[in-house]
Amino acid sequence: MDLPDCNDFFENSQKPDNFDSVRCAVEDFVKKHIDQDRNIVLVTSGGTTVPLESQTVRFIDNFSIGTRGATSAEYFLSSNYAVIFLHRKGSLKPFQRHFQHINFLDILLASGDDVIVQGDQKSRVHSILSQYDHVKSSELLLLVEFTTLGEYLYNLRAAAQILRSAQKRAMLYLAAAVSDFYIPAGQLPKHKIQSSDGALTISLQLVPKMLRPLVSSWVPNAFVTSFKLETDPLLLVPKAKQALKTYKHQVVIGNLLERRKFEVVIVTQDVERWFHLTEVEQKTGVEIESRLIDILTEMHNQFMEPA
Ligand code: 9Z3
């Protein structure tokens with residue numbers, strides 16, 4: 001099978017409209033945190049869309065809403081990392097995710113000129129706000145958005161190349177659900193596909209595996225963690241091992257679609273380590289990302305130690 005070429009992909013797809021301003025913001029952010037001797041992680045989160053028309057009415061999407069990425073970003077922040085959060089527009093964001101299902105009209109109370117938070121929610125809201133205030137005032141979090149596959153890959157490449165200057169202090173944590181298939185820009189119909197033309201057959205091309213240039217040339221000294229998602233349990237570990245062998249990065253985290261919230265496997269060149277949350281842990285709100293980030297930050301520390 002002929003492997004698609006990464007350079008061809010970029011040559012044939014359009015830069016995001018805000019690309020230059022995103023690049024400047026990432027450059028400033030990375031420089032600032034390198035100057036402060038801080039570790040920096042690029043967390044990718046949420047799913048990419050694949051347009052079916054150039055003036056896009058329809059697109060292919062996937063299930064991811066960015067829970068893994070947004071939750072992990074918070075744990076990186078509490079481990080004192082600076083976080084570039086490259087996420088799907090409209091997907092979950094660190095801190096905001098806690099209020100996703102809350103109706104503020106039910107928890108806020110007008111009291112004279114003031115607004116107060118009612119009873120049992122107060123300490124929770126207080127704790128999240130305090131963490132968020134600290135992150136905001138220390139400028140530890142940079143939010144970068146994408147929607148389409150092209151926007152994601154352009155921003156990923158730029159951020160990774162900029163992170164090169166952070167050397168081993170840089171970590172990449174690639175949790176976004178990135179489409180494996182797309183229609184190259186040159187093959188997209190310009191206008192909305194007409195149903196009057198009859199049933200539709202779509203032919204999709206393979207997306208080039210960007211992990212290859214990412215590890216070998218965009219950011220060669222960084223600590224790179226990728227994710228492997230499967231639905232067949234028999235494929236998970238073999239495919240995670242295969243990815244490590246092919247791309248030669250540090251870690252693959254494997255997860256099964258239906259079990260991803262309470263079970264993951266960390267695969268490295270040497271070990272395969274499973275993490276499960278017990279039922280009690282799940283019921284009491286323990287998040288598997290807390291375990292993951294503990295172990296990854298520890299591995300990153302070892303990686304940064306002089307040989
Ligand atoms: C993951 O495996 C993430 O853990 C999830 C998180 C997308 C499952 P949610 O957003 O889900 O919390 O609901 N991300 C990587 C998925 C992926 O596309 N991996 C590719 C693959 O498995 C390679 S990098 O081949």
# chains A, B, ... in the order shown; residues from 1 in each chain; ligands from 1
$ residues_around --residues "A:Thr48" --least-positions-apart "4" --cutoff "8 Å" --atoms "only C-alpha atoms" --output "tab-separated table (two decimals) with N, CA, C and O atoms, in the first residue's frame"
chain	number	residue	atom	x	y	z
A	61	ASP	N	-17.99	13.51	10.97
A	61	ASP	CA	-17.52	13.87	12.31
A	61	ASP	C	-17.30	12.59	13.11
A	61	ASP	O	-17.50	11.49	12.60
A	62	ASN	N	-16.90	12.70	14.36
A	62	ASN	CA	-16.84	11.51	15.21
A	62	ASN	C	-17.35	11.81	16.61
A	62	ASN	O	-17.72	12.94	16.92
A	88	ARG	N	-11.14	20.96	19.61
A	88	ARG	CA	-12.26	21.16	18.67
A	88	ARG	C	-13.17	22.25	19.23
A	88	ARG	O	-13.58	22.21	20.40
A	146	PHE	N	-9.74	24.23	16.64
A	146	PHE	CA	-9.81	23.72	15.26
A	146	PHE	C	-11.22	23.19	15.05
A	146	PHE	O	-11.94	22.91	16.03
A	147	THR	N	-11.60	23.04	13.81
A	147	THR	CA	-12.82	22.30	13.50
A	147	THR	C	-12.48	21.19	12.50
A	147	THR	O	-12.67	20.02	12.78
A	148	THR	N	-11.90	21.58	11.38
A	148	THR	CA	-11.64	20.57	10.34
A	148	THR	C	-10.30	19.87	10.58
A	148	THR	O	-9.43	20.35	11.31
A	149	LEU	N	-10.15	18.76	9.87
A	149	LEU	CA	-8.89	18.01	9.91
A	149	LEU	C	-7.72	18.90	9.49
A	149	LEU	O	-6.65	18.90	10.11
A	152	TYR	N	-6.77	21.32	12.19
A	152	TYR	CA	-6.08	20.59	13.27
A	152	TYR	C	-4.61	20.34	12.89
A	152	TYR	O	-3.70	20.62	13.66
A	176	ALA	N	-6.68	13.90	20.77
A	176	ALA	CA	-7.75	14.23	19.81
A	176	ALA	C	-8.10	12.99	18.97
A	176	ALA	O	-7.23	12.17	18.68
A	177	ALA	N	-9.34	12.90	18.59
A	177	ALA	CA	-9.78	11.82	17.71
A	177	ALA	C	-9.71	12.33	16.27
A	177	ALA	O	-10.59	13.06	15.81
A	178	VAL	N	-8.63	11.96	15.62
A	178	VAL	CA	-8.31	12.55	14.31
A	178	VAL	C	-8.75	11.60	13.21
A	178	VAL	O	-8.44	10.41	13.26
A	179	SER	N	-9.44	12.13	12.24
A	179	SER	CA	-9.94	11.27	11.17
A	179	SER	C	-8.78	10.60	10.42
A	179	SER	O	-7.73	11.20	10.18
$ residues_around --residues "A:Ala25" --least-positions-apart "2" --cutoff "12 Å" --atoms "only C-alpha atoms" --output "PyMOL selection string"
chain A and resi 18-23+27-32+84+139+141-144+155+158-159+162
$ residues_near_ligand --ligand "ligand 1" --cutoff "6 Å" --atoms "only C-alpha atoms and all ligand atoms" --output "ChimeraX atom specification"
/A:46,64-68,175-178,226-229,255,257
$ select_by_dssp --residues "stretch 55-227 of chain A" --states "strand (DSSP E or B)" --output "VMD selection string"
chain A and resid 59 to 60 82 to 88 108 to 111 114 to 117 141 to 146 148 170 to 174 177 181 to 182 205 to 206 223 to 227
$ write_last_selection --atoms "N, CA and C atoms" --output "short mmCIF file (atom, residue, chain, number, x, y, z; two decimals), in the first residue's frame"
data_model
loop_
_atom_site.label_atom_id
_atom_site.label_comp_id
_atom_site.auth_asym_id
_atom_site.auth_seq_id
_atom_site.Cartn_x
_atom_site.Cartn_y
_atom_site.Cartn_z
N PHE A 59 -20.46 17.36 6.53
CA PHE A 59 -19.12 16.90 6.89
C PHE A 59 -19.22 15.60 7.67
N ILE A 60 -18.10 14.87 7.74
CA ILE A 60 -18.04 13.66 8.57
C ILE A 60 -17.44 14.06 9.91
N ALA A 82 2.60 24.30 31.89
CA ALA A 82 1.88 25.24 31.04
C ALA A 82 1.23 24.40 29.93
N VAL A 83 -0.02 24.72 29.59
CA VAL A 83 -0.77 23.85 28.68
C VAL A 83 -1.23 24.62 27.43
N ILE A 84 -0.85 24.08 26.27
CA ILE A 84 -1.45 24.56 25.02
C ILE A 84 -2.57 23.58 24.72
N PHE A 85 -3.79 24.06 24.70
CA PHE A 85 -4.94 23.17 24.57
C PHE A 85 -5.52 23.32 23.17
N LEU A 86 -5.10 22.42 22.28
CA LEU A 86 -5.55 22.45 20.88
C LEU A 86 -6.82 21.60 20.79
N HIS A 87 -7.96 22.28 20.71
CA HIS A 87 -9.22 21.55 20.88
C HIS A 87 -10.25 21.88 19.80
N ARG A 88 -11.14 20.96 19.61
CA ARG A 88 -12.26 21.16 18.67
C ARG A 88 -13.17 22.25 19.23
N LEU A 108 -27.81 29.76 41.19
CA LEU A 108 -27.52 31.14 41.61
C LEU A 108 -28.78 31.78 42.20
N LEU A 109 -28.53 32.65 43.16
CA LEU A 109 -29.65 33.30 43.83
C LEU A 109 -29.39 34.80 43.88
N ALA A 110 -30.38 35.60 43.46
CA ALA A 110 -30.23 37.05 43.58
C ALA A 110 -30.53 37.43 45.03
N SER A 111 -29.59 38.16 45.63
CA SER A 111 -29.80 38.54 47.03
C SER A 111 -29.43 40.02 47.17
N ASP A 114 -26.50 41.54 45.22
CA ASP A 114 -25.52 40.49 44.99
C ASP A 114 -26.13 39.26 44.32
N VAL A 115 -25.19 38.42 43.78
CA VAL A 115 -25.61 37.10 43.30
C VAL A 115 -24.86 36.09 44.15
N ILE A 116 -25.53 35.13 44.72
CA ILE A 116 -24.82 34.15 45.54
C ILE A 116 -25.07 32.73 45.03
N VAL A 117 -24.09 31.85 45.32
CA VAL A 117 -24.24 30.45 44.90
C VAL A 117 -24.94 29.71 46.03
N LEU A 141 -2.53 28.69 30.58
CA LEU A 141 -3.34 27.94 29.62
C LEU A 141 -3.56 28.75 28.35
N LEU A 142 -3.21 28.14 27.21
CA LEU A 142 -3.47 28.80 25.92
C LEU A 142 -4.47 27.93 25.15
N LEU A 143 -5.59 28.53 24.78
CA LEU A 143 -6.62 27.78 24.05
C LEU A 143 -6.47 28.03 22.55
N VAL A 144 -6.36 26.96 21.79
CA VAL A 144 -6.31 27.08 20.32
C VAL A 144 -7.40 26.16 19.76
N GLU A 145 -8.19 26.69 18.82
CA GLU A 145 -9.32 25.91 18.31
C GLU A 145 -9.06 25.33 16.92
N PHE A 146 -9.74 24.23 16.64
CA PHE A 146 -9.81 23.72 15.26
C PHE A 146 -11.22 23.19 15.05
N THR A 148 -11.90 21.58 11.38
CA THR A 148 -11.64 20.57 10.34
C THR A 148 -10.30 19.87 10.58
N ALA A 170 9.32 19.80 26.68
CA ALA A 170 8.04 19.74 25.95
C ALA A 170 7.45 18.34 26.01
N MET A 171 6.14 18.31 26.25
CA MET A 171 5.42 17.04 26.15
C MET A 171 4.27 17.22 25.15
N LEU A 172 4.01 16.18 24.37
CA LEU A 172 2.82 16.19 23.51
C LEU A 172 1.91 15.08 23.98
N TYR A 173 0.65 15.40 24.10
CA TYR A 173 -0.34 14.45 24.64
C TYR A 173 -1.50 14.46 23.65
N LEU A 174 -1.44 13.50 22.71
CA LEU A 174 -2.28 13.59 21.51
C LEU A 174 -3.57 12.80 21.67
N ALA A 177 -9.34 12.90 18.59
CA ALA A 177 -9.78 11.82 17.71
C ALA A 177 -9.71 12.33 16.27
N PHE A 181 -9.44 9.36 7.41
CA PHE A 181 -9.84 9.46 6.01
C PHE A 181 -10.34 10.86 5.70
N TYR A 182 -10.12 11.30 4.47
CA TYR A 182 -10.59 12.63 4.09
C TYR A 182 -10.72 12.73 2.57
N GLN A 205 -9.73 9.38 0.91
CA GLN A 205 -8.30 9.03 0.86
C GLN A 205 -7.77 8.85 2.29
N LEU A 206 -6.63 8.16 2.39
CA LEU A 206 -6.01 8.02 3.71
C LEU A 206 -5.33 9.32 4.12
N PHE A 223 8.84 14.67 24.73
CA PHE A 223 8.25 13.44 25.25
C PHE A 223 6.86 13.32 24.62
N VAL A 224 6.68 12.29 23.81
CA VAL A 224 5.44 12.21 23.02
C VAL A 224 4.55 11.04 23.47
N THR A 225 3.32 11.38 23.81
CA THR A 225 2.31 10.37 24.16
C THR A 225 1.21 10.42 23.12
N SER A 226 0.97 9.30 22.45
CA SER A 226 -0.17 9.27 21.54
C SER A 226 -1.23 8.33 22.12
N PHE A 227 -2.42 8.38 21.56
CA PHE A 227 -3.51 7.52 22.01
C PHE A 227 -3.89 6.54 20.91
#
$ residues_around --residues "stretch 286-292 of chain A" --least-positions-apart "2" --cutoff "10 Å" --atoms "only C-alpha atoms" --output "MDAnalysis selection string"
chainID A and resid 67:76 253 260:266 275:284 294:298
$ closest_residue --among "A:Gln14, A:Asn221, A:Gln96, A:Gln36" --to "A:Leu129" --atoms "only C-alpha atoms"
A:Gln96
$ atom_distance --atom1 "atom CA of A:Asp232" --atom2 "atom CA of A:Leu256"
7.4 Å
$ residues_around --residues "A:Thr246" --least-positions-apart "3" --cutoff "12 Å" --atoms "only C-alpha atoms" --output "number ranges by chain"
A: 209-213, 215-216, 239-243, 249-250, 252, 269
$ write_last_selection --atoms "C-alpha atoms" --output "short mmCIF file (atom, residue, chain, number, x, y, z; two decimals), in the first residue's frame"
data_model
loop_
_atom_site.label_atom_id
_atom_site.label_comp_id
_atom_site.auth_asym_id
_atom_site.auth_seq_id
_atom_site.Cartn_x
_atom_site.Cartn_y
_atom_site.Cartn_z
CA LYS A 209 0.39 9.60 9.53
CA MET A 210 1.64 12.88 10.98
CA LEU A 211 3.14 11.15 14.02
CA ARG A 212 6.07 10.18 11.80
CA PRO A 213 7.34 13.72 10.98
CA VAL A 215 8.52 12.59 16.20
CA SER A 216 11.37 12.57 13.73
CA LYS A 239 -1.69 -1.94 17.69
CA ALA A 240 -0.33 0.25 20.48
CA LYS A 241 2.95 -1.70 20.35
CA GLN A 242 3.01 -1.43 16.58
CA ALA A 243 2.62 2.36 16.80
CA HIS A 249 8.04 7.81 20.51
CA GLN A 250 7.74 7.33 24.26
CA VAL A 252 0.99 4.97 23.65
CA GLN A 269 8.97 0.09 24.91
#
$ atom_distance --atom1 "atom CA of A:Thr49" --atom2 "atom CA of A:Gly150"
8.8 Å
$ closest_residue --among "A:Pro238, A:Glu230, A:Ile193, A:Lys245" --to "A:Glu53" --atoms "only C-alpha atoms"
A:Ile193
